[in-house]
$ cat structure_9.cif   # mmCIF, C-alpha atoms
data_coords
loop_
_atom_site.label_atom_id
_atom_site.label_comp_id
_atom_site.auth_asym_id
_atom_site.auth_seq_id
_atom_site.Cartn_x
_atom_site.Cartn_y
_atom_site.Cartn_z
CA TRP I 1 120.20 127.67 67.95
CA PHE I 2 121.66 128.80 64.69
CA ILE I 3 120.93 132.40 63.73
CA LEU I 4 117.43 132.60 62.29
CA GLN I 5 117.19 134.51 59.04
CA TYR I 6 114.18 135.62 57.03
CA LEU I 7 113.15 136.91 53.64
CA SER I 8 110.78 139.90 53.67
CA GLY I 9 107.64 140.74 51.75
CA PHE I 10 104.03 139.55 51.68
CA GLY I 11 103.22 137.12 48.87
CA ASN I 12 106.53 137.72 47.11
CA GLU I 13 108.17 135.35 44.64
CA HIS I 14 111.02 134.15 46.87
CA VAL I 15 113.99 131.90 46.18
CA SER I 16 116.01 130.23 48.91
CA GLU I 17 118.59 127.50 49.22
CA ASP I 18 120.44 126.12 52.23
CA PRO I 19 123.99 127.58 52.08
CA ARG I 20 125.38 124.08 52.73
CA CYS I 21 124.32 123.17 49.17
CA PRO I 22 125.02 126.15 46.88
CA GLY I 23 123.38 125.84 43.49
CA ALA I 24 120.68 123.46 44.73
CA LEU I 25 117.98 125.46 42.92
CA PRO I 26 117.70 124.40 39.28
CA GLU I 27 118.38 127.29 36.92
CA GLY I 28 115.83 128.33 34.35
CA GLN I 29 113.29 125.57 34.93
CA ASN I 30 111.26 123.91 37.68
CA ASN I 31 111.55 120.21 36.91
CA PRO I 32 114.82 119.16 35.25
CA GLN I 33 115.44 115.55 34.30
CA VAL I 34 118.06 115.36 37.05
CA CYS I 35 118.02 117.92 39.89
CA PRO I 36 121.24 119.24 41.45
CA TYR I 37 122.64 117.09 44.29
CA GLY I 38 120.29 114.26 43.28
CA LEU I 39 117.27 116.00 44.83
CA TYR I 40 113.62 115.38 44.01
CA ALA I 41 111.43 118.20 42.65
CA GLU I 42 107.97 118.53 44.26
CA GLN I 43 105.36 121.22 43.70
CA LEU I 44 103.08 122.42 46.50
CA SER I 45 99.97 124.09 45.06
CA GLY I 46 97.94 126.45 47.20
CA SER I 47 95.50 127.37 44.45
CA ALA I 48 94.01 125.86 41.32
CA PHE I 49 96.46 125.87 38.39
CA THR I 50 94.14 128.16 36.46
CA CYS I 51 93.60 130.85 39.12
CA PRO I 52 94.23 134.40 37.89
CA ARG I 53 97.89 135.30 38.29
CA PRO I 54 97.35 137.66 41.29
CA THR I 55 95.80 134.81 43.30
CA ASN I 56 97.89 131.92 41.96
CA LYS I 57 99.84 130.27 44.79
CA ARG I 58 102.51 127.59 44.39
CA SER I 59 106.04 126.74 45.43
CA TRP I 60 108.60 124.25 44.14
CA LEU I 61 110.51 122.26 46.78
CA TYR I 62 113.77 120.41 46.11
CA ARG I 63 114.05 117.65 48.68
CA ILE I 64 116.11 114.63 49.61
CA LEU I 65 113.07 112.32 49.43
CA PRO I 66 109.57 113.26 48.22
CA SER I 67 106.62 113.54 50.63
CA VAL I 68 104.97 110.47 49.10
CA CYS I 69 107.38 108.09 50.90
CA HIS I 70 105.26 107.10 53.90
CA LYS I 71 103.15 104.23 55.19
CA PRO I 72 99.33 104.45 54.87
CA PHE I 73 97.48 106.99 57.03
CA LYS I 74 95.51 105.63 59.96
CA PRO I 75 92.99 107.44 62.18
CA LEU I 76 94.48 109.27 65.16
CA GLU I 77 92.47 110.22 68.23
CA GLU I 78 91.78 113.93 67.75
CA GLY I 79 90.86 114.72 71.34
CA HIS I 80 89.00 118.03 71.43
CA LEU I 81 89.47 118.99 67.78
CA THR I 82 86.09 119.07 66.03
CA HIS I 83 83.96 120.59 63.32
CA ASP I 84 80.70 119.14 64.65
CA TRP I 85 78.80 122.37 65.18
CA ASP I 86 75.62 120.53 66.24
CA GLU I 87 76.98 118.64 69.25
CA ILE I 88 75.28 121.11 71.61
CA GLU I 89 72.38 123.56 71.33
CA PRO I 90 73.19 127.08 70.07
CA ASP I 91 73.79 129.81 72.66
CA PRO I 92 73.23 133.43 71.55
CA ASN I 93 74.41 134.93 74.85
CA GLN I 94 77.44 137.14 75.31
CA LEU I 95 80.16 134.65 76.24
CA ARG I 96 83.43 135.23 78.04
CA TRP I 97 86.10 132.72 79.04
CA LYS I 98 88.62 132.94 81.84
CA PRO I 99 92.23 132.19 80.81
CA PHE I 100 92.44 128.67 79.44
CA GLU I 101 94.40 126.37 81.73
CA ILE I 102 97.77 124.99 80.65
CA PRO I 103 98.45 121.43 81.84
CA LYS I 104 101.39 121.09 84.19
CA ALA I 105 104.42 119.07 83.10
CA PRO I 106 105.91 116.58 83.87
CA GLN I 107 102.75 114.88 85.14
CA ASN I 108 100.88 115.54 81.90
CA LYS I 109 103.08 116.18 78.86
CA ILE I 110 101.07 117.72 76.04
CA ASP I 111 102.48 119.00 72.75
CA PHE I 112 100.98 121.41 70.22
CA VAL I 113 98.85 118.80 68.43
CA SER I 114 97.50 117.04 71.51
CA GLY I 115 96.83 120.48 73.06
CA LEU I 116 94.45 121.70 70.34
CA TYR I 117 90.88 122.50 71.48
CA THR I 118 88.15 123.77 69.17
CA LEU I 119 86.18 126.60 70.75
CA CYS I 120 83.77 127.64 67.99
CA GLY I 121 83.29 127.71 64.26
CA ALA I 122 81.01 127.32 61.26
CA GLY I 123 81.00 125.80 57.82
CA GLU I 124 82.45 122.55 56.56
CA PRO I 125 85.95 121.65 55.36
CA ARG I 126 84.68 119.29 52.64
CA GLY I 127 82.71 122.14 51.10
CA ARG I 128 85.79 124.41 51.39
CA ASN I 129 83.92 127.18 53.16
CA GLY I 130 84.16 127.89 56.85
CA ILE I 131 86.28 128.82 59.83
CA ALA I 132 87.17 127.48 63.25
CA VAL I 133 88.66 129.09 66.35
CA HIS I 134 90.97 126.83 68.35
CA ILE I 135 92.86 127.26 71.60
CA PHE I 136 96.24 125.59 72.03
CA VAL I 137 97.81 124.81 75.41
CA CYS I 138 101.00 122.77 75.65
CA ASN I 139 104.07 122.20 77.77
CA THR I 140 106.35 120.00 75.66
CA SER I 141 107.80 120.05 72.15
CA MET I 142 106.69 117.90 69.23
CA ILE I 143 109.32 115.16 68.92
CA ASP I 144 109.62 113.22 65.67
CA ARG I 145 106.18 114.27 64.57
CA CYS I 146 104.77 117.04 62.41
CA LEU I 147 101.35 118.30 61.39
CA TYR I 148 99.87 119.55 58.16
CA ASN I 149 96.38 120.90 57.61
CA SER I 150 94.64 119.55 54.51
CA ASP I 151 91.52 121.60 55.36
CA GLY I 152 92.83 125.15 55.35
CA ASP I 153 95.18 127.78 56.77
CA PHE I 154 96.19 128.27 60.41
CA LEU I 155 96.72 131.81 61.70
CA ILE I 156 98.55 131.23 65.02
CA VAL I 157 98.56 133.86 67.79
CA PRO I 158 100.89 132.88 70.67
CA GLN I 159 99.87 134.45 73.98
CA GLN I 160 102.26 132.85 76.48
CA GLY I 161 105.58 131.27 75.55
CA LYS I 162 107.47 131.40 72.28
CA LEU I 163 107.18 128.87 69.46
CA LEU I 164 110.13 127.65 67.42
CA ILE I 165 108.34 126.37 64.32
CA THR I 166 110.21 124.16 61.88
CA THR I 167 108.58 124.06 58.45
CA GLU I 168 109.51 122.55 55.10
CA PHE I 169 110.60 126.07 54.10
CA GLY I 170 112.80 126.71 57.15
CA LYS I 171 112.50 127.78 60.79
CA MET I 172 110.58 130.66 62.39
CA LEU I 173 110.69 131.88 65.99
CA VAL I 174 107.26 133.29 66.87
CA GLU I 175 106.86 135.10 70.20
CA PRO I 176 103.84 136.68 71.90
CA ASN I 177 102.88 139.88 70.03
CA GLU I 178 103.85 138.15 66.79
CA ILE I 179 101.62 136.00 64.60
CA CYS I 180 102.37 133.40 61.97
CA VAL I 181 100.38 131.80 59.17
CA ILE I 182 100.94 128.17 58.16
CA GLN I 183 99.07 127.74 54.91
CA GLN I 184 97.17 124.66 53.73
CA GLY I 185 99.30 121.56 53.26
CA MET I 186 102.54 122.87 54.82
CA ARG I 187 104.19 120.48 57.26
CA PHE I 188 105.38 121.98 60.52
CA SER I 189 106.56 120.98 63.98
CA VAL I 190 106.40 123.16 67.11
CA GLU I 191 109.10 123.37 69.78
CA VAL I 192 108.18 125.10 73.07
CA PHE I 193 110.16 126.20 76.12
CA GLY I 194 107.73 125.75 78.99
CA GLU I 195 104.05 126.39 79.52
CA THR I 196 102.65 127.74 76.26
CA ARG I 197 99.23 129.01 75.20
CA GLY I 198 97.62 130.80 72.30
CA TYR I 199 94.83 131.11 69.77
CA ILE I 200 94.34 129.81 66.22
CA LEU I 201 92.05 131.09 63.48
CA GLU I 202 91.54 128.40 60.84
CA VAL I 203 89.97 129.23 57.49
CA TYR I 204 88.88 126.71 54.88
CA GLY I 205 88.43 127.78 51.30
CA ALA I 206 90.40 131.03 51.23
CA HIS I 207 93.90 132.31 51.97
CA PHE I 208 94.73 135.36 54.05
CA GLU I 209 95.67 138.52 52.20
CA LEU I 210 96.31 142.14 53.02
CA PRO I 211 93.13 144.26 53.06
CA ASP I 212 92.58 146.80 50.31
CA LEU I 213 93.47 150.31 51.45
CA GLY I 214 91.04 152.33 49.31
CA PRO I 215 91.27 156.06 50.10
CA ILE I 216 93.99 155.41 52.70
CA GLY I 217 96.31 155.16 49.72
CA ALA I 218 99.43 153.13 49.02
CA ASN I 219 100.77 152.85 52.58
CA GLY I 220 99.49 152.01 56.02
CA LEU I 221 98.12 149.30 58.30
CA ALA I 222 100.26 146.14 57.90
CA ASN I 223 102.95 147.00 55.37
CA PRO I 224 103.98 144.15 53.03
CA ARG I 225 107.70 144.43 53.73
CA ASP I 226 107.21 143.62 57.42
CA PHE I 227 106.06 140.05 56.74
CA LEU I 228 108.91 137.56 57.13
CA VAL I 229 109.39 134.20 55.43
CA PRO I 230 111.90 131.57 56.64
CA VAL I 231 114.99 130.68 54.62
CA ALA I 232 115.71 127.15 53.43
CA TRP I 233 117.07 124.75 56.05
CA TYR I 234 117.24 121.00 55.79
CA GLU I 235 118.02 118.02 57.93
CA ASP I 236 119.08 114.73 56.34
CA ARG I 237 117.98 112.66 59.32
CA GLN I 238 116.95 109.03 59.45
CA VAL I 239 114.37 108.11 62.09
CA PRO I 240 114.47 104.30 62.37
CA GLY I 241 111.89 104.30 65.17
CA GLY I 242 109.45 106.09 62.90
CA TYR I 243 108.63 109.71 62.19
CA THR I 244 104.91 110.50 62.49
CA VAL I 245 103.28 112.75 59.89
CA ILE I 246 99.85 113.94 61.07
CA SER I 247 97.25 115.17 58.59
CA LYS I 248 94.20 117.16 59.60
CA TYR I 249 91.83 115.96 56.88
CA GLN I 250 88.07 116.66 56.73
CA GLY I 251 88.22 117.75 60.36
CA LYS I 252 89.81 114.50 61.62
CA LEU I 253 93.40 113.61 62.41
CA PHE I 254 95.30 110.84 60.64
CA ALA I 255 98.85 109.63 61.22
CA ALA I 256 101.36 108.04 58.84
CA GLN I 257 104.81 106.68 59.65
CA GLN I 258 108.00 107.26 57.70
CA ASP I 259 111.65 106.64 58.53
CA PHE I 260 113.08 110.09 57.78
CA SER I 261 112.54 113.73 58.71
CA PRO I 262 110.09 115.59 56.42
CA PHE I 263 112.17 118.76 56.84
CA ASN I 264 114.52 117.66 54.07
CA VAL I 265 113.98 120.55 51.65
CA VAL I 266 117.38 121.80 50.51
CA ALA I 267 116.04 124.63 48.32
CA TRP I 268 112.73 126.12 47.26
CA HIS I 269 111.19 128.92 45.22
CA GLY I 270 107.68 130.30 44.90
CA ASN I 271 105.04 132.52 46.48
CA TYR I 272 103.26 129.93 48.67
CA THR I 273 105.08 129.98 52.00
CA PRO I 274 104.61 130.20 55.75
CA TYR I 275 105.19 133.68 57.17
CA LYS I 276 105.23 135.69 60.38
CA TYR I 277 104.51 139.30 61.36
CA HIS I 278 105.20 141.43 64.44
CA LEU I 279 102.10 143.32 65.57
CA GLU I 280 104.18 146.32 66.72
CA LYS I 281 104.92 147.01 63.05
CA PHE I 282 101.26 147.86 62.40
CA MET I 283 100.80 151.48 61.22
CA VAL I 284 97.75 152.61 63.19
CA ILE I 285 95.27 154.97 61.54
CA ASN I 286 92.63 156.59 63.72
CA ALA I 287 90.03 159.39 63.95
CA VAL I 288 91.73 162.71 64.72
CA ALA I 289 88.74 165.09 64.89
CA PHE I 290 85.60 163.46 66.28
CA ASP I 291 83.72 160.15 66.39
CA HIS I 292 85.15 156.69 65.67
CA ALA I 293 86.66 155.08 62.67
CA ASP I 294 85.12 151.61 62.33
CA PRO I 295 87.31 148.83 63.75
CA SER I 296 87.90 147.56 60.22
CA ILE I 297 90.62 150.24 60.14
CA PHE I 298 92.65 147.89 62.38
CA THR I 299 92.53 144.87 60.02
CA VAL I 300 95.89 143.11 59.66
CA LEU I 301 94.83 140.25 57.37
CA THR I 302 91.60 139.23 55.67
CA ALA I 303 90.28 136.04 54.08
CA LYS I 304 87.73 137.18 51.52
CA THR I 305 84.49 135.65 50.31
CA THR I 306 83.12 136.04 46.78
CA ARG I 307 80.94 138.91 48.07
CA ALA I 308 82.77 142.22 47.79
CA GLY I 309 83.77 143.58 51.17
CA VAL I 310 82.40 140.61 53.14
CA ALA I 311 85.09 138.58 54.89
CA LEU I 312 85.09 134.90 55.65
CA ALA I 313 87.42 136.03 58.45
CA ASP I 314 89.30 139.18 59.41
CA PHE I 315 92.20 139.34 61.86
CA VAL I 316 91.92 142.71 63.62
CA ILE I 317 94.10 144.17 66.41
CA PHE I 318 93.65 147.00 68.93
CA PRO I 319 97.21 148.25 69.41
CA PRO I 320 98.64 151.10 71.52
CA ARG I 321 97.71 154.46 69.96
CA TRP I 322 96.66 158.03 70.69
CA GLY I 323 93.05 158.98 71.37
CA VAL I 324 92.38 162.61 70.42
CA ALA I 325 88.75 162.78 69.23
CA ASN I 326 86.83 165.81 70.55
CA ASN I 327 83.28 165.68 71.92
CA THR I 328 83.39 161.89 71.53
CA PHE I 329 82.73 158.85 73.71
CA ARG I 330 86.13 157.33 73.03
CA PRO I 331 85.86 153.64 74.05
CA PRO I 332 84.16 151.18 71.67
CA TYR I 333 80.51 152.00 71.21
CA TYR I 334 77.49 149.79 71.93
CA HIS I 335 76.97 147.56 68.96
CA ARG I 336 74.86 144.88 67.29
CA ASN I 337 76.62 143.32 64.34
CA CYS I 338 75.77 141.13 61.35
CA MET I 339 79.25 139.62 61.86
CA SER I 340 80.50 137.32 64.64
CA GLU I 341 83.23 138.72 66.91
CA PHE I 342 85.66 136.53 68.87
CA MET I 343 88.15 138.51 70.94
CA GLY I 344 91.34 137.45 72.66
CA LEU I 345 93.92 139.28 74.75
CA ILE I 346 97.66 138.74 74.37
CA LYS I 347 98.71 141.12 77.16
CA GLY I 348 97.52 144.06 79.25
CA HIS I 349 93.96 145.32 79.89
CA TYR I 350 91.37 145.86 77.18
CA GLU I 351 90.03 149.42 77.29
CA ALA I 352 86.32 148.56 77.35
CA LYS I 353 86.59 145.75 79.92
CA GLU I 354 89.28 146.57 82.49
CA GLU I 355 88.13 143.70 84.71
CA GLY I 356 87.21 140.13 83.77
CA PHE I 357 88.67 140.04 80.26
CA GLN I 358 92.11 138.58 80.88
CA PRO I 359 95.17 137.59 78.83
CA GLY I 360 94.78 134.01 77.65
CA GLY I 361 90.98 134.19 77.88
CA GLY I 362 88.45 135.22 75.26
CA SER I 363 84.97 136.45 74.46
CA LEU I 364 82.40 135.77 71.76
CA HIS I 365 79.72 138.23 70.74
CA SER I 366 77.58 136.34 68.30
CA MET I 367 75.68 137.63 65.32
CA MET I 368 73.28 140.44 66.37
CA THR I 369 73.96 139.89 70.09
CA PRO I 370 74.42 143.34 71.68
CA HIS I 371 77.71 144.20 73.36
CA GLY I 372 79.77 147.18 74.40
CA PRO I 373 81.55 148.84 77.32
CA ASP I 374 80.75 147.74 80.85
CA ALA I 375 79.03 150.15 83.23
CA ASP I 376 82.25 151.34 84.88
CA CYS I 377 83.85 152.13 81.53
CA PHE I 378 80.75 154.02 80.36
CA GLU I 379 80.58 156.21 83.47
CA LYS I 380 84.30 157.05 83.43
CA ALA I 381 84.44 157.81 79.70
CA SER I 382 81.26 159.93 79.81
CA LYS I 383 82.81 162.21 82.44
CA ALA I 384 86.44 162.18 81.34
CA LYS I 385 88.23 165.39 80.44
CA LEU I 386 88.95 165.02 76.72
CA GLU I 387 92.65 165.54 76.26
CA PRO I 388 95.05 163.67 73.98
CA GLU I 389 95.71 160.37 75.74
CA ARG I 390 97.54 157.16 75.15
CA VAL I 391 95.15 154.27 74.64
CA ALA I 392 96.02 150.61 75.26
CA ASP I 393 99.67 151.12 76.21
CA GLY I 394 101.13 147.77 77.21
CA THR I 395 98.10 146.01 75.74
CA MET I 396 97.38 143.93 72.66
CA ALA I 397 93.82 142.74 72.13
CA PHE I 398 92.70 141.19 68.88
CA MET I 399 89.53 140.07 67.13
CA PHE I 400 88.68 137.23 64.78
CA GLU I 401 85.63 138.58 62.93
CA SER I 402 83.58 136.48 60.52
CA SER I 403 80.50 136.80 58.34
CA LEU I 404 79.56 133.26 59.46
CA SER I 405 77.35 132.58 62.46
CA LEU I 406 79.62 130.67 64.85
CA ALA I 407 78.56 127.68 66.92
CA VAL I 408 80.31 127.06 70.23
CA THR I 409 81.53 123.54 70.98
CA LYS I 410 80.61 121.44 73.97
CA TRP I 411 84.20 121.87 75.17
CA GLY I 412 83.81 125.66 74.99
CA LEU I 413 80.48 125.77 76.81
CA GLN I 414 80.95 122.96 79.32
CA THR I 415 84.02 120.73 79.37
CA SER I 416 86.65 123.48 79.58
CA ASN I 417 85.00 124.83 82.73
CA ARG I 418 86.37 128.29 81.86
CA LEU I 419 83.10 130.01 80.90
CA ASP I 420 82.42 133.11 83.01
CA LYS I 421 78.81 132.62 84.05
CA ASN I 422 78.64 136.17 85.45
CA TYR I 423 79.70 138.00 82.29
CA TYR I 424 76.23 139.51 81.73
CA LYS I 425 76.42 141.24 85.11
CA CYS I 426 78.99 143.78 83.89
CA TRP I 427 76.12 145.62 82.13
CA GLU I 428 73.56 145.38 84.94
CA PRO I 429 74.69 148.59 86.71
CA LEU I 430 73.97 150.67 83.56
CA LYS I 431 71.23 153.12 84.50
CA SER I 432 69.02 155.56 82.64
CA HIS I 433 70.30 159.15 82.35
CA PHE I 434 67.27 160.21 80.33
CA ASN I 435 65.83 163.63 81.19
CA PRO I 436 63.20 164.99 78.75
CA LYS I 437 63.74 168.52 80.13
CA CYS I 438 67.47 168.54 79.46
CA LYS I 439 68.54 168.64 75.81
#
$ encode --input "structure_9.cif" --output "structure tokens"
Amino acid sequence: WFILQYLSGFGNEHVSEDPRCPGALPEGQNNPQVCPYGLYAEQLSGSAFTCPRPTNKRSWLYRILPSVCHKPFKPLEEGHLTHDWDEIEPDPNQLRWKPFEIPKAPQNKIDFVSGLYTLCGAGEPRGRNGIAVHIFVCNTSMIDRCLYNSDGDFLIVPQQGKLLITTEFGKMLVEPNEICVIQQGMRFSVEVFGETRGYILEVYGAHFELPDLGPIGANGLANPRDFLVPVAWYEDRQVPGGYTVISKYQGKLFAAQQDFSPFNVVAWHGNYTPYKYHLEKFMVINAVAFDHADPSIFTVLTAKTTRAGVALADFVIFPPRWGVANNTFRPPYYHRNCMSEFMGLIKGHYEAKEEGFQPGGGSLHSMMTPHGPDADCFEKASKAKLEPERVADGTMAFMFESSLSLAVTKWGLQTSNRLDKNYYKCWEPLKSHFNPKCK
């Protein structure tokens, strides 16, 4: 590997050129009559031209050949990728999945694209409003093929194994406890180094942004400077046997052939880029007197709707921190929510479910379905001596929360064979402590 380098800052106006071609970026304009080094100028728009300036997203790419040089797209078997939310009857129950199984190589070589499985979601990519939660399991790298998502943005959460992601903007190494976002339309290819697994939150119709901080002030939570963007890197590589460009379009996969690598961008500038973030950089804010702060205080990124304060999707984490609240039941409280909550675990043990909820698995607590600590957690926390304590050391749980009511796919409920049919039993030992004579 060459040494990976990054630019820092969330949503910044960046400029980058491969050092092998100094001066590749045109000076003073975007689209000169003749670009340096005989490159082609190509704009990638992530928003309407007329969006207000704070939400206007675009980058200019200077490439050896433009993206338009490919054969016609043809349908590609999408396997278990879907947005058919009616393929099976709704299930309002509390759902929990055991760790999703990674196919063993070399008997069954599966790369990132062929290892995508849709677990749940809502909405419709053609209407540009919705989300999907996918699981990825793979054991081999993408070779001479790349993917781009015409429907929306991918927020990728690796859980096992690191990902070396080549994009049109450059390369990123993304390891467990890091996340990356590949925004709509950006071509990328994933190299892996063994058995690899993780989670994806896909949003159609909005981009992720940092949450407003309100009375927290100017600093805190995920700080903008900790987001990293790759630097320009190109390959001028001919692929006579055919390079496959895969488009996820209206929920289906399509493949087109071309005879060169799409990662031929020598220089670029703009504010529409892929990026990554290390979850250990999150500045945790918590209750320091009594009671709980709502879990929204742990939001890393949000994709907003047009309704103020209501998210299409939030990405929330539960990182290591101190618990100090007095006279307080410290684990998460019992809850019924007008939002849908999908949880995953990158590593460690989640504080409210020490058993059963495992790294590489997941849970879904649907809209208005009650959930909360299991019986063992409730009993221990109700009797615990309240001293300052470390919470979630060695752990990283996360939540994809959405204002949409999520449907679970047939793969999630049946085909995967990972659903924990006994999940409901963790609450059965809860007993009444009610005593009308004891206030």
$ resolve_selection --input "structure_9.cif" --expression "the PyMOL selection byres ((chain I and resi 203-209) around 10)" --output "PyMOL selection string"
chain I and resi 10-11+46-47+55+57+121-133+149-155+181+183-184+200-202+210-212+300-306+311-315
$ resolve_selection --input "structure_9.cif" --expression "the PyMOL selection byres ((chain I and resi 263) around 9)" --output "PyMOL selection string"
chain I and resi 63+166-170+187-188+233-237+260-262+264-266
$ closest_residue --input "structure_9.cif" --among "I:Thr328, I:Thr196, I:Thr140, I:Asn223" --to "Gly161 in chain I" --atoms "all atoms listed in the file"
I:Thr196
$ atom_distance --input "structure_9.cif" --atom1 "CA of His80 in chain I" --atom2 "CA of His278 in chain I"
29.3 Å
$ resolve_selection --input "structure_9.cif" --expression "the PyMOL selection byres ((chain I and resi 191) around 9)" --output "JSON, numbers by chain"
{"I": [111, 112, 140, 141, 142, 143, 162, 163, 164, 165, 166, 189, 190, 192, 193]}
$ closest_residue --input "structure_9.cif" --among "I:Arg307, I:Arg96, I:Lys276, I:Lys71" --to "Gln358 in chain I" --atoms "only C-alpha atoms"
I:Arg96
$ residues_around --input "structure_9.cif" --residues "Leu386 in chain I" --least-positions-apart "2" --cutoff "7 Å" --atoms "all atoms listed in the file" --output "PyMOL selection string"
chain I and resi 326+384+388
$ atom_distance --input "structure_9.cif" --atom1 "CA of Asn271 in chain I" --atom2 "CA of Glu13 in chain I"
4.6 Å
$ closest_residue --input "structure_9.cif" --among "I:Leu404, I:Met186, I:Met283, I:Ile64" --to "Pro224 in chain I" --atoms "only C-alpha atoms"
I:Met283
$ residues_around --input "structure_9.cif" --residues "Gln159 in chain I" --least-positions-apart "2" --cutoff "12 Å" --atoms "all atoms listed in the file" --output "JSON, numbers by chain"
{"I": [99, 100, 102, 135, 136, 137, 138, 156, 157, 161, 162, 163, 174, 175, 176, 177, 178, 179, 195, 196, 197, 198, 199, 200, 344, 345, 346, 347, 348, 358, 359, 360, 361, 362, 395, 396, 397, 398]}
$ closest_residue --input "structure_9.cif" --among "I:Phe73, I:Tyr6, I:Tyr37, I:Trp60" --to "Tyr272 in chain I" --atoms "only C-alpha atoms"
I:Trp60
$ atom_distance --input "structure_9.cif" --atom1 "CA of Ser366 in chain I" --atom2 "CA of Ser340 in chain I"
4.8 Å
$ closest_residue --input "structure_9.cif" --among "I:Leu119, I:Asn139, I:Met172, I:Gln238" --to "Gln107 in chain I" --atoms "all atoms listed in the file"
I:Asn139
$ residues_near_point --input "structure_9.cif" --point "(94.5, 150.3, 60.7)" --cutoff "8 Å" --atoms "only C-alpha atoms" --output "list in words"
Gly220, Leu221, Ala222, Phe282, Met283, Val284, Ile285, Asn286, Pro295, Ser296, Ile297, Phe298, Thr299 and Val300 of chain I
$ write_last_selection --input "structure_9.cif" --atoms "C-alpha atoms" --output "PDB file, keeping the file's coordinate frame"
ATOM      1  CA  GLY I 220      99.490 152.010  56.020  1.00  0.00           C
ATOM      2  CA  LEU I 221      98.120 149.300  58.300  1.00  0.00           C
ATOM      3  CA  ALA I 222     100.260 146.140  57.900  1.00  0.00           C
ATOM      4  CA  PHE I 282     101.260 147.860  62.400  1.00  0.00           C
ATOM      5  CA  MET I 283     100.800 151.480  61.220  1.00  0.00           C
ATOM      6  CA  VAL I 284      97.750 152.610  63.190  1.00  0.00           C
ATOM      7  CA  ILE I 285      95.270 154.970  61.540  1.00  0.00           C
ATOM      8  CA  ASN I 286      92.630 156.590  63.720  1.00  0.00           C
ATOM      9  CA  PRO I 295      87.310 148.830  63.750  1.00  0.00           C
ATOM     10  CA  SER I 296      87.900 147.560  60.220  1.00  0.00           C
ATOM     11  CA  ILE I 297      90.620 150.240  60.140  1.00  0.00           C
ATOM     12  CA  PHE I 298      92.650 147.890  62.380  1.00  0.00           C
ATOM     13  CA  THR I 299      92.530 144.870  60.020  1.00  0.00           C
ATOM     14  CA  VAL I 300      95.890 143.110  59.660  1.00  0.00           C
TER      15      VAL I 300
END
$ closest_residue --input "structure_9.cif" --among "I:Leu7, I:Ile216, I:Ala255, I:Met367" --to "Lys171 in chain I" --atoms "only C-alpha atoms"
I:Leu7
$ residues_around --input "structure_9.cif" --residues "range 407-413 of chain I" --least-positions-apart "3" --cutoff "8 Å" --atoms "all atoms listed in the file" --output "short mmCIF file (atom, residue, chain, number, x, y, z; two decimals) with C-alpha atoms, in the frame of the given file"
data_model
loop_
_atom_site.label_atom_id
_atom_site.label_comp_id
_atom_site.auth_asym_id
_atom_site.auth_seq_id
_atom_site.Cartn_x
_atom_site.Cartn_y
_atom_site.Cartn_z
CA HIS I 80 89.00 118.03 71.43
CA ASP I 84 80.70 119.14 64.65
CA TRP I 85 78.80 122.37 65.18
CA ASP I 86 75.62 120.53 66.24
CA GLU I 87 76.98 118.64 69.25
CA ILE I 88 75.28 121.11 71.61
CA PRO I 90 73.19 127.08 70.07
CA ASP I 91 73.79 129.81 72.66
CA TYR I 117 90.88 122.50 71.48
CA THR I 118 88.15 123.77 69.17
CA LEU I 119 86.18 126.60 70.75
CA CYS I 120 83.77 127.64 67.99
CA GLY I 121 83.29 127.71 64.26
CA ALA I 122 81.01 127.32 61.26
CA SER I 416 86.65 123.48 79.58
CA ASN I 417 85.00 124.83 82.73
CA ARG I 418 86.37 128.29 81.86
CA LEU I 419 83.10 130.01 80.90
#
